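Q: My structure file coords29.csv, CSV, C-alpha atoms, is below:
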chain,number,residue,atom,x,y,z
A,701,MET,CA,24.0,-46.8,57.7
A,702,THR,CA,24.4,-47.0,54.1
A,703,ARG,CA,20.9,-45.8,53.8
A,704,GLY,CA,21.7,-42.8,56.0
A,705,ILE,CA,24.7,-41.8,54.0
A,706,SER,CA,22.7,-42.2,50.9
A,707,GLN,CA,19.9,-40.0,52.2
A,708,VAL,CA,22.3,-37.3,53.3
A,709,THR,CA,24.1,-37.4,49.9
A,710,THR,CA,20.8,-37.3,48.0
A,711,SER,CA,19.6,-34.4,50.0
A,712,LYS,CA,22.8,-32.4,49.3
A,713,PHE,CA,22.6,-33.3,45.6
A,714,SER,CA,18.9,-32.3,45.4
A,715,ARG,CA,19.7,-28.9,47.0
A,716,GLY,CA,22.5,-28.4,44.5
A,717,VAL,CA,20.2,-29.3,41.5
A,718,LEU,CA,17.6,-26.9,42.9
A,719,ILE,CA,20.0,-24.0,43.2
A,720,ALA,CA,21.3,-24.6,39.7
A,721,ALA,CA,17.8,-24.8,38.3
A,722,LEU,CA,16.9,-21.5,40.0
A,723,LEU,CA,20.1,-19.8,38.6
A,724,LEU,CA,19.2,-21.1,35.2
A,725,ALA,CA,15.6,-19.9,35.5
A,726,VAL,CA,16.9,-16.5,36.5
A,727,SER,CA,19.3,-16.4,33.6
A,728,CYS,CA,16.6,-17.5,31.1
A,729,GLY,CA,14.2,-15.0,32.6
A,730,SER,CA,16.8,-12.2,32.1
A,731,GLU,CA,17.2,-13.2,28.5
A,732,ALA,CA,13.4,-13.2,28.0
A,733,ARG,CA,13.1,-9.8,29.4
A,734,ASN,CA,15.8,-8.6,27.0
A,735,GLY,CA,14.0,-10.2,24.1
A,736,GLY,CA,11.5,-8.4,21.9
A,737,GLY,CA,7.8,-9.1,21.6
A,738,THR,CA,5.7,-9.7,18.6
A,739,VAL,CA,4.7,-7.9,15.4
A,740,SER,CA,1.0,-7.7,14.6
A,741,VAL,CA,0.6,-7.2,10.8
A,742,GLN,CA,-2.6,-5.6,9.6
A,743,ILE,CA,-3.7,-3.9,6.4
A,744,SER,CA,-5.8,-0.7,5.7
A,745,GLY,CA,-6.9,1.5,2.9
A,746,GLU,CA,-7.8,4.1,5.6
A,747,GLU,CA,-10.9,6.2,5.4
A,748,LEU,CA,-10.6,6.7,1.6
A,749,ALA,CA,-11.3,3.0,1.1
A,750,THR,CA,-14.5,2.9,3.0
A,751,SER,CA,-15.8,6.5,2.7
A,752,GLY,CA,-14.4,7.4,-0.7
A,753,LEU,CA,-13.5,10.9,-1.9
A,754,PRO,CA,-16.6,13.1,-1.6
A,755,PHE,CA,-16.6,16.5,-3.4
A,756,PRO,CA,-15.8,19.1,-2.4
A,757,GLU,CA,-14.2,17.8,0.8
A,758,GLY,CA,-12.9,14.3,0.7
A,759,GLY,CA,-11.4,14.2,4.2
A,760,GLU,CA,-7.7,13.8,3.5
A,761,ALA,CA,-8.1,14.1,-0.2
A,762,HIS,CA,-10.5,15.3,-2.9
A,763,VAL,CA,-10.4,15.6,-6.7
A,764,VAL,CA,-10.2,19.1,-8.0
A,765,ASP,CA,-12.5,18.6,-11.0
A,766,GLY,CA,-15.8,18.1,-9.3
A,767,TRP,CA,-16.2,14.3,-8.9
A,768,SER,CA,-17.2,12.3,-5.8
A,769,ILE,CA,-15.8,8.8,-5.8
A,770,ARG,CA,-17.1,5.8,-4.0
A,771,PHE,CA,-15.4,2.4,-3.9
A,772,ASP,CA,-17.5,-0.7,-4.0
A,773,HIS,CA,-14.5,-2.9,-3.9
A,774,VAL,CA,-10.7,-2.4,-3.5
A,775,LEU,CA,-9.3,-5.9,-3.9
A,776,VAL,CA,-5.6,-6.6,-3.3
A,777,THR,CA,-3.5,-9.7,-2.9
A,778,VAL,CA,-0.5,-9.3,-0.5
A,779,GLY,CA,2.1,-11.5,0.9
A,780,GLU,CA,5.9,-12.0,1.4
A,781,VAL,CA,5.9,-9.9,4.7
A,782,THR,CA,9.4,-9.7,5.9
A,783,LEU,CA,11.6,-8.4,8.7
A,784,SER,CA,15.3,-8.0,8.0
A,785,GLU,CA,18.3,-6.8,9.9
A,786,ASN,CA,19.9,-3.3,9.6
A,787,PRO,CA,17.4,-1.0,7.9
A,788,ASP,CA,20.1,1.7,8.0
A,789,ARG,CA,22.6,-0.2,6.0
A,790,SER,CA,22.8,2.5,3.4
A,791,PRO,CA,21.8,6.1,4.1
A,792,THR,CA,21.5,6.8,0.4
A,793,ASP,CA,19.9,3.6,-0.8
A,794,GLN,CA,16.7,2.6,1.1
A,795,SER,CA,16.5,-0.7,-0.8
A,796,GLN,CA,19.6,-2.1,1.0
A,797,THR,CA,19.0,-4.1,4.3
A,798,GLY,CA,20.7,-6.8,6.3
A,799,ALA,CA,19.8,-10.5,6.3
A,800,LEU,CA,16.2,-11.7,6.4
A,801,VAL,CA,15.2,-12.8,9.9
A,802,ALA,CA,11.4,-13.4,9.6
A,803,LEU,CA,9.0,-14.2,6.8
A,804,ALA,CA,5.2,-14.7,6.5
A,805,ARG,CA,4.4,-15.7,2.9
A,806,GLY,CA,0.6,-15.4,2.8
A,807,PRO,CA,-0.8,-14.7,0.3
A,808,TRP,CA,-4.0,-13.0,1.5
A,809,ALA,CA,-6.8,-11.5,-0.5
A,810,ILE,CA,-8.5,-8.5,1.1
A,811,ASP,CA,-11.3,-6.1,0.2
A,812,LEU,CA,-10.1,-2.7,1.6
A,813,ALA,CA,-13.5,-1.2,0.9
A,814,LYS,CA,-14.9,-3.2,3.8
A,815,GLU,CA,-14.7,-2.0,7.3
A,816,GLY,CA,-12.0,-3.7,9.3
A,817,THR,CA,-12.1,-5.1,12.9
A,818,VAL,CA,-9.4,-2.9,14.5
A,819,THR,CA,-8.6,0.8,14.4
A,820,ALA,CA,-6.1,1.8,11.8
A,821,GLU,CA,-2.8,3.3,12.7
A,822,GLY,CA,-3.1,7.1,13.2
A,823,GLY,CA,-6.8,6.7,13.7
A,824,GLU,CA,-7.5,6.9,10.0
A,825,GLY,CA,-10.3,4.4,9.5
A,826,THR,CA,-10.1,0.7,10.2
A,827,ALA,CA,-7.7,-2.1,9.5
A,828,ILE,CA,-7.9,-5.9,8.9
A,829,PRO,CA,-5.5,-8.2,10.8
A,830,LEU,CA,-3.3,-10.5,8.7
A,831,VAL,CA,-0.8,-12.3,10.8
A,832,THR,CA,1.3,-12.0,13.9
A,833,LEU,CA,5.1,-12.6,13.7
A,834,THR,CA,6.1,-14.1,17.1
A,835,SER,CA,9.7,-15.0,16.4
A,836,MET,CA,12.5,-15.0,13.9
A,837,THR,CA,11.3,-17.7,11.6
A,838,GLU,CA,14.5,-17.7,9.6
A,839,ARG,CA,16.7,-17.9,12.7
A,840,ASP,CA,15.4,-21.1,14.3
A,841,GLY,CA,12.5,-19.3,16.0
A,842,ASP,CA,14.7,-17.1,18.1
A,843,ALA,CA,13.1,-14.1,19.8
A,844,PHE,CA,13.3,-10.7,18.3
A,845,ALA,CA,15.8,-8.4,19.9
A,846,ALA,CA,14.3,-5.5,21.9
A,847,ASP,CA,17.3,-3.2,21.2
A,848,GLU,CA,17.2,-3.3,17.4
A,849,ARG,CA,15.1,-1.9,14.6
A,850,TYR,CA,14.2,-4.4,11.8
A,851,ALA,CA,13.6,-3.4,8.2
A,852,PHE,CA,10.0,-4.1,7.2
A,853,GLY,CA,8.7,-5.0,3.7
A,854,TYR,CA,5.8,-6.7,1.9
A,855,GLN,CA,4.6,-7.3,-1.6
A,856,THR,CA,1.4,-7.1,-3.8
A,857,LEU,CA,1.1,-10.4,-5.7
A,858,PRO,CA,-0.9,-11.7,-8.6
A,859,ALA,CA,-4.3,-13.0,-7.5
A,860,SER,CA,-4.3,-16.7,-7.0
A,861,ASP,CA,-6.5,-19.6,-6.1
A,862,GLY,CA,-4.3,-20.3,-3.1
A,863,ALA,CA,-4.8,-16.9,-1.5
A,864,ASP,CA,-6.5,-16.8,1.9
A,865,LYS,CA,-9.7,-14.8,1.3
A,866,LEU,CA,-10.2,-12.8,4.4
A,867,ASN,CA,-13.3,-10.7,3.9
A,868,LEU,CA,-14.6,-11.2,0.4
A,869,ASP,CA,-18.4,-11.3,-0.2
A,870,ASP,CA,-19.9,-13.0,-3.2
A,871,ASP,CA,-19.6,-10.0,-5.5
A,872,ALA,CA,-16.0,-9.5,-4.4
A,873,ASP,CA,-15.3,-13.2,-4.9
A,874,ALA,CA,-16.5,-13.0,-8.4
A,875,LEU,CA,-14.3,-10.0,-9.2
A,876,TYR,CA,-11.4,-11.9,-7.6
A,877,GLY,CA,-12.0,-14.6,-10.1
A,878,VAL,CA,-11.5,-12.0,-12.9
A,879,MET,CA,-8.3,-10.9,-11.2
A,880,ILE,CA,-7.0,-14.5,-11.2
A,881,ASP,CA,-7.8,-14.9,-14.9
A,882,ARG,CA,-6.1,-11.6,-15.8
A,883,GLY,CA,-3.2,-11.6,-13.5
A,884,TYR,CA,-4.2,-8.5,-11.5
A,885,SER,CA,-2.7,-7.8,-8.1
A,886,VAL,CA,-5.0,-4.9,-7.4
A,887,LEU,CA,-8.5,-4.0,-8.6
A,888,TYR,CA,-10.5,-0.8,-7.9
A,889,ALA,CA,-14.3,-1.0,-8.6
A,890,GLY,CA,-16.6,1.9,-7.9
A,891,THR,CA,-18.7,4.8,-9.1
A,892,ALA,CA,-17.9,8.4,-9.6
A,893,THR,CA,-20.6,11.2,-9.7
A,894,PHE,CA,-20.0,14.7,-10.9
A,895,ASP,CA,-21.2,16.9,-7.9
A,896,ALA,CA,-19.7,20.4,-8.6
A,897,ASP,CA,-22.0,23.4,-9.1
A,898,SER,CA,-19.6,25.6,-11.0
A,899,CYS,CA,-16.1,25.2,-12.5
A,900,ASP,CA,-13.4,27.1,-14.2
A,901,VAL,CA,-12.4,25.7,-17.6
A,902,SER,CA,-9.5,26.4,-19.9
A,903,ASP,CA,-11.6,26.0,-23.1
A,904,ASP,CA,-15.2,27.3,-23.2
A,905,GLU,CA,-15.7,25.6,-26.5
A,906,TYR,CA,-15.5,22.1,-25.1
A,907,ASP,CA,-18.9,20.7,-24.0
A,908,PHE,CA,-18.3,18.9,-20.7
A,909,GLU,CA,-22.0,17.7,-20.9
A,910,ARG,CA,-20.7,15.1,-23.3
A,911,ILE,CA,-19.2,13.3,-20.3
A,912,PRO,CA,-21.7,11.2,-18.4
A,913,SER,CA,-22.4,12.6,-14.9
A,914,THR,CA,-22.2,9.2,-13.4
A,915,VAL,CA,-19.5,6.8,-14.4
A,916,ARG,CA,-18.6,3.3,-13.1
A,917,PHE,CA,-15.0,2.2,-13.2
A,918,GLU,CA,-13.2,-1.1,-12.9
A,919,LEU,CA,-9.5,-0.6,-12.9
A,920,GLY,CA,-7.5,-3.8,-12.6
A,921,PHE,CA,-3.7,-3.6,-12.4
A,922,ALA,CA,-1.3,-6.5,-13.3
A,923,ALA,CA,1.5,-4.7,-11.4
A,924,PRO,CA,3.0,-6.8,-8.6
A,925,THR,CA,5.2,-4.6,-6.5
A,926,ALA,CA,7.5,-5.0,-3.5
A,927,TYR,CA,7.6,-2.3,-0.8
A,928,VAL,CA,11.0,-2.5,0.8
A,929,ASN,CA,12.5,-1.1,4.0
A,930,CYS,CA,9.7,1.2,4.8
A,931,GLN,CA,9.9,4.3,6.9
A,932,ASN,CA,7.8,4.4,10.1
A,933,GLN,CA,6.1,7.4,11.6
A,934,ALA,CA,6.0,5.5,15.0
A,935,ASN,CA,9.8,5.8,15.2
A,936,GLN,CA,11.2,8.7,17.3
A,937,GLY,CA,14.7,8.8,15.9
A,938,ASP,CA,16.0,11.2,13.3
A,939,PRO,CA,15.6,10.1,9.6
A,940,PHE,CA,18.2,10.3,6.9
A,941,ASP,CA,18.4,13.3,4.6
A,942,ASP,CA,15.5,13.3,2.1
A,943,GLU,CA,13.5,10.9,4.2
A,944,VAL,CA,10.5,11.8,6.4
A,945,TYR,CA,10.8,9.1,9.2
A,946,GLN,CA,13.3,6.7,10.5
A,947,ARG,CA,13.2,3.3,8.8
A,948,GLY,CA,12.1,0.1,10.3
A,949,ILE,CA,10.2,-1.4,13.3
A,950,ALA,CA,11.4,-1.5,16.8
A,951,ILE,CA,9.8,-4.3,18.9
A,952,PRO,CA,9.4,-3.4,22.6
A,953,SER,CA,10.4,-5.9,25.2
A,954,ASN,CA,7.8,-8.6,25.9
A,955,THR,CA,5.0,-6.6,24.1
A,956,GLY,CA,3.9,-6.0,20.6
A,957,ALA,CA,4.6,-3.7,17.7
A,958,THR,CA,2.2,-3.0,14.9
A,959,ALA,CA,3.1,-3.1,11.2
A,960,GLN,CA,0.2,-1.8,9.1
A,961,LEU,CA,0.3,-2.2,5.3
A,962,THR,CA,-1.3,1.1,4.3
A,963,PHE,CA,-2.6,1.7,0.8
A,964,HIS,CA,-3.1,5.3,-0.3
A,965,LEU,CA,-5.9,4.9,-2.9
A,966,GLU,CA,-5.7,8.5,-4.1
A,967,HIS,CA,-2.6,7.5,-6.1
A,968,ALA,CA,-4.9,6.3,-8.9
A,969,PHE,CA,-6.0,9.9,-9.6
A,970,TYR,CA,-2.6,11.5,-9.6
A,971,SER,CA,-2.0,14.2,-12.2
A,972,ALA,CA,1.8,13.8,-12.0
A,973,LEU,CA,4.4,11.1,-11.3
A,974,ARG,CA,5.7,13.1,-8.4
A,975,HIS,CA,4.3,12.6,-4.9
A,976,ASP,CA,1.1,14.4,-3.8
A,977,PRO,CA,0.0,16.3,-7.0
A,978,SER,CA,-3.6,17.4,-7.6
A,979,LEU,CA,-6.2,14.6,-8.0
A,980,GLN,CA,-8.3,14.5,-11.1
A,981,PHE,CA,-11.0,12.2,-12.5
A,982,ASP,CA,-12.1,13.9,-15.8
A,983,GLN,CA,-9.5,12.0,-17.8
A,984,ILE,CA,-11.0,8.7,-16.7
A,985,ALA,CA,-14.7,9.7,-17.0
A,986,ALA,CA,-14.1,11.2,-20.4
A,987,ARG,CA,-13.2,7.8,-21.8
A,988,ALA,CA,-17.0,7.0,-21.4
A,989,VAL,CA,-17.8,9.5,-24.1
A,990,GLY,CA,-19.3,7.5,-27.0
A,991,LYS,CA,-19.6,4.3,-25.1
A,992,PRO,CA,-23.1,2.7,-24.8
A,993,GLU,CA,-22.6,2.1,-21.1
A,994,PRO,CA,-20.7,4.6,-18.9
A,995,VAL,CA,-18.2,2.0,-17.5
A,996,VAL,CA,-14.5,2.6,-17.8
A,997,LEU,CA,-12.0,-0.2,-17.7
A,998,LEU,CA,-8.2,0.1,-17.5
A,999,ASP,CA,-7.9,-1.0,-21.2
A,1000,ASP,CA,-10.0,2.1,-22.1
A,1001,LEU,CA,-6.9,4.2,-21.1
A,1002,ALA,CA,-4.6,2.4,-23.5
A,1003,GLY,CA,-3.4,4.5,-26.4
A,1004,VAL,CA,-4.1,7.8,-24.6
A,1005,ASP,CA,-1.2,10.2,-24.3
A,1006,PRO,CA,-0.9,11.3,-20.7
A,1007,THR,CA,0.6,14.6,-21.8
A,1008,ALA,CA,-2.2,15.3,-24.2
A,1009,LEU,CA,-5.4,13.7,-22.8
A,1010,THR,CA,-8.5,13.2,-24.9
A,1011,ASP,CA,-12.0,12.0,-24.4
A,1012,GLY,CA,-13.5,8.8,-25.8
A,1013,ALA,CA,-14.3,10.5,-29.1
A,1014,GLY,CA,-10.7,11.7,-29.5
A,1015,ALA,CA,-11.4,15.4,-28.7
A,1016,PRO,CA,-8.7,17.2,-26.6
A,1017,LEU,CA,-9.7,17.4,-22.9
A,1018,PRO,CA,-9.4,20.9,-21.4
A,1019,ASN,CA,-8.3,21.6,-17.9
A,1020,ARG,CA,-11.1,22.1,-15.3
A,1021,THR,CA,-11.1,23.0,-11.6
A,1022,CYS,CA,-14.2,23.1,-9.5
A,1023,ASP,CA,-12.9,23.6,-6.0
A,1024,GLY,CA,-11.6,27.2,-6.4
A,1025,SER,CA,-8.0,26.1,-7.1
A,1026,ALA,CA,-6.1,27.7,-10.0
A,1027,LEU,CA,-6.3,26.2,-13.4
A,1028,PRO,CA,-3.1,24.5,-14.6
A,1029,HIS,CA,-1.2,26.2,-17.3
A,1030,GLY,CA,-2.2,25.4,-20.9
A,1031,GLN,CA,-5.5,24.9,-22.6
A,1032,GLU,CA,-5.3,21.1,-23.0
A,1033,ARG,CA,-5.0,18.7,-20.0
A,1034,SER,CA,-1.5,17.4,-19.7
A,1035,PHE,CA,0.0,15.3,-16.9
A,1036,ASP,CA,3.6,15.7,-15.7
A,1037,THR,CA,5.7,12.6,-16.4
A,1038,ALA,CA,8.8,14.1,-14.9
A,1039,SER,CA,11.9,12.6,-16.5
A,1040,VAL,CA,10.1,9.6,-18.0
A,1041,PRO,CA,9.6,9.9,-21.8
A,1042,VAL,CA,6.3,9.1,-23.4
A,1043,ASP,CA,6.6,6.9,-26.5
A,1044,PRO,CA,3.6,4.8,-27.8
A,1045,GLY,CA,6.0,2.3,-29.3
A,1046,GLY,CA,8.7,2.4,-26.7
A,1047,ASP,CA,10.0,-0.2,-24.3
A,1048,PRO,CA,7.8,-0.2,-21.2
A,1049,GLU,CA,11.0,-0.7,-19.0
A,1050,TYR,CA,12.1,2.8,-20.1
A,1051,THR,CA,9.1,4.7,-21.3
A,1052,LEU,CA,5.4,5.3,-20.6
A,1053,ARG,CA,3.5,4.2,-23.7
A,1054,ASP,CA,0.2,5.7,-22.7
A,1055,TYR,CA,-2.1,6.8,-19.8
A,1056,ARG,CA,-2.7,3.1,-18.9
A,1057,ASP,CA,1.1,2.9,-18.2
A,1058,PHE,CA,0.9,6.2,-16.3
A,1059,ILE,CA,-1.9,5.2,-13.9
A,1060,THR,CA,-0.4,1.8,-13.4
A,1061,PHE,CA,2.9,3.4,-12.4
A,1062,VAL,CA,1.5,5.9,-9.9
A,1063,THR,CA,-0.9,3.3,-8.4
A,1064,SER,CA,1.9,0.8,-7.8
A,1065,ALA,CA,3.5,3.4,-5.5
A,1066,GLN,CA,0.5,3.3,-3.1
A,1067,GLY,CA,2.0,1.0,-0.5
A,1068,HIS,CA,3.2,2.5,2.8
A,1069,LEU,CA,3.8,1.5,6.4
A,1070,ASN,CA,1.7,2.6,9.4
A,1071,GLY,CA,-0.2,5.3,7.6
A,1072,GLY,CA,1.0,8.9,7.1
A,1073,GLU,CA,4.1,9.2,5.0
A,1074,GLY,CA,5.7,5.9,5.9
A,1075,LEU,CA,7.3,5.7,2.5
A,1076,CYS,CA,8.8,2.4,1.3
A,1077,PHE,CA,11.4,1.8,-1.5
A,1078,VAL,CA,9.2,0.7,-4.4
A,1079,GLN,CA,10.4,-2.3,-6.5
A,1080,ARG,CA,8.1,-2.8,-9.4
A,1081,LYS,CA,7.9,-6.5,-10.4
A,1082,TYR,CA,6.6,-5.7,-13.9
A,1083,PRO,CA,8.1,-3.9,-16.8
A,1084,ALA,CA,8.2,-0.2,-15.8
A,1085,PRO,CA,10.6,2.8,-16.0
A,1086,SER,CA,12.5,4.3,-13.1
A,1087,LEU,CA,12.2,7.9,-12.0
Translate this structure into structure tokens?
A:
Amino acid sequence: MTRGISQVTTSKFSRGVLIAALLLAVSCGSEARNGGGTVSVQISGEELATSGLPFPEGGEAHVVDGWSIRFDHVLVTVGEVTLSENPDRSPTDQSQTGALVALARGPWAIDLAKEGTVTAEGGEGTAIPLVTLTSMTERDGDAFAADERYAFGYQTLPASDGADKLNLDDDADALYGVMIDRGYSVLYAGTATFDADSCDVSDDEYDFERIPSTVRFELGFAAPTAYVNCQNQANQGDPFDDEVYQRGIAIPSNTGATAQLTFHLEHAFYSALRHDPSLQFDQIAARAVGKPEPVVLLDDLAGVDPTALTDGAGAPLPNRTCDGSALPHGQERSFDTASVPVDPGGDPEYTLRDYRDFITFVTSAQGHLNGGEGLCFVQRKYPAPSL
């Protein structure tokens, strides 16, 4: 009898436990469906990194003064990938976000000039996968919310022995050793060839034949930079005034979002501090004048006034266009530094001392999100002025 009572009681208890477990499973399943998926982080230099800038048509970009540019290596160290709450915290200050919720430190060393294994965002070339963020690492591993946008950011960092080298061949690995020794975060190595048939020049007296027709360049930048609270062309919402896209990344429920660290390599050839000016290479190639070997390093640009550019022999460099575009005003080549003064002996936190500072400044703004004009707030982690 006791056994019978016990059996009946156990049976009722088991059914109750089963019902409670089913209710709990339904509840947890509902929470899971409301949770966000993952964020696949990748990096790309788009087609410019792998195909270069051929003249006269370089795909998205070309230099106006007749040069075709090919990259042998574009080495970059990246890390500190972050997701934070509330990308819209301040409509007028893109740098402000809510609290950090996820972090992937890296660092990773990548050669953007090598083909990647996945298609880049927007179909612009290929990309290299870095890491997948599966949960909020700074919130005890909780799932991302499917009804929120998260601010996205990342950094370029000084090259280091501890970086995970993802796709470096032997030549790139040797160059990366140079980056470690010199504290570079980014290095461009390649060759430029003058390919124009005819050009308009502002000074017929200058002999452009003095400039070698083939010039190698190796431009290493000790310019670690944080790209904060990036705008994202994948978003459908309305952006704030003076911004192109809505900020942040929305993570769909139980699926994945992509965050592509996109580097616009044409920044190195900007002729002004403002965004999207004409691209020029004469001012770099001209530093090879008088050199026994036509190789230009970043240090060769030191001491050169960006508002009064000269060749390697000190002669003023005239303006030249070879793509049919109008010549800039003035006989001598001069780049626009906007509101930033040029002072050879000035404080680098407030002035540009030379063209080396100029090219470092514009190149450090090359980081974007998901291709296109996914502009980020740029925080330079080296002495540099503000616009």
Q: Write out as a list in words the residues lying within 10 Å of Asp1047 in chain A, counting only C-alpha atoms and excluding same-chain residues fewer than 3 positions away.
A: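 In the requested form, the answer reads Asp1043, Pro1044, Tyr1050, Thr1051, Leu1052, Arg1053, Pro1083, Ala1084 and Pro1085 of chain A.
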Q: Given the selection you just returned, output its residues as a file containing C-alpha atoms, formatted as a PDB file, keeping the file's coordinate frame.
A:
ATOM      1  CA  ASP A1043       6.600   6.900 -26.500  1.00  0.00           C
ATOM      2  CA  PRO A1044       3.600   4.800 -27.800  1.00  0.00           C
ATOM      3  CA  TYR A1050      12.100   2.800 -20.100  1.00  0.00           C
ATOM      4  CA  THR A1051       9.100   4.700 -21.300  1.00  0.00           C
ATOM      5  CA  LEU A1052       5.400   5.300 -20.600  1.00  0.00           C
ATOM      6  CA  ARG A1053       3.500   4.200 -23.700  1.00  0.00           C
ATOM      7  CA  PRO A1083       8.100  -3.900 -16.800  1.00  0.00           C
ATOM      8  CA  ALA A1084       8.200  -0.200 -15.800  1.00  0.00           C
ATOM      9  CA  PRO A1085      10.600   2.800 -16.000  1.00  0.00           C
TER      10      PRO A1085
END
Q: Restricting the calculation to only C-alpha atoms: of A:Phe844, A:Tyr1082, A:Phe1077, A:Phe963, which residue gets closest to Gln931 in chain A?
A: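 Smallest distance to Gln931 in chain A is found for A:Phe1077.
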Q: Using all atoms listed in the file, which protein or nucleic acid residues come within 7 Å of Leu961 in chain A? Drop anything in the same chain fewer than 5 positions from it, and give the result as a list in words.
A: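 So the residues in contact are Gln742, Ile743, Ser744, Gly1067, His1068, Leu1069 and Asn1070 of chain A.
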Q: Tell me which protein, DNA and RNA residues are within 7 Å of Gln980 in chain A, counting all atoms listed in the file, leaving out same-chain ones fewer than 5 positions away, and put them as a list of chain:residue names.
A: A:Val763, A:Val764, A:Asp765, A:Phe969, A:Tyr970, A:Ser971
Q: For Gly920 in chain A, list every protein, DNA or RNA residue within 6 Å, evaluated using only C-alpha atoms, and leave out those in the same chain fewer than 4 positions away; present the list as a list in words.
A: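 My reading of the contact set: Tyr884, Val886 and Leu887 of chain A.
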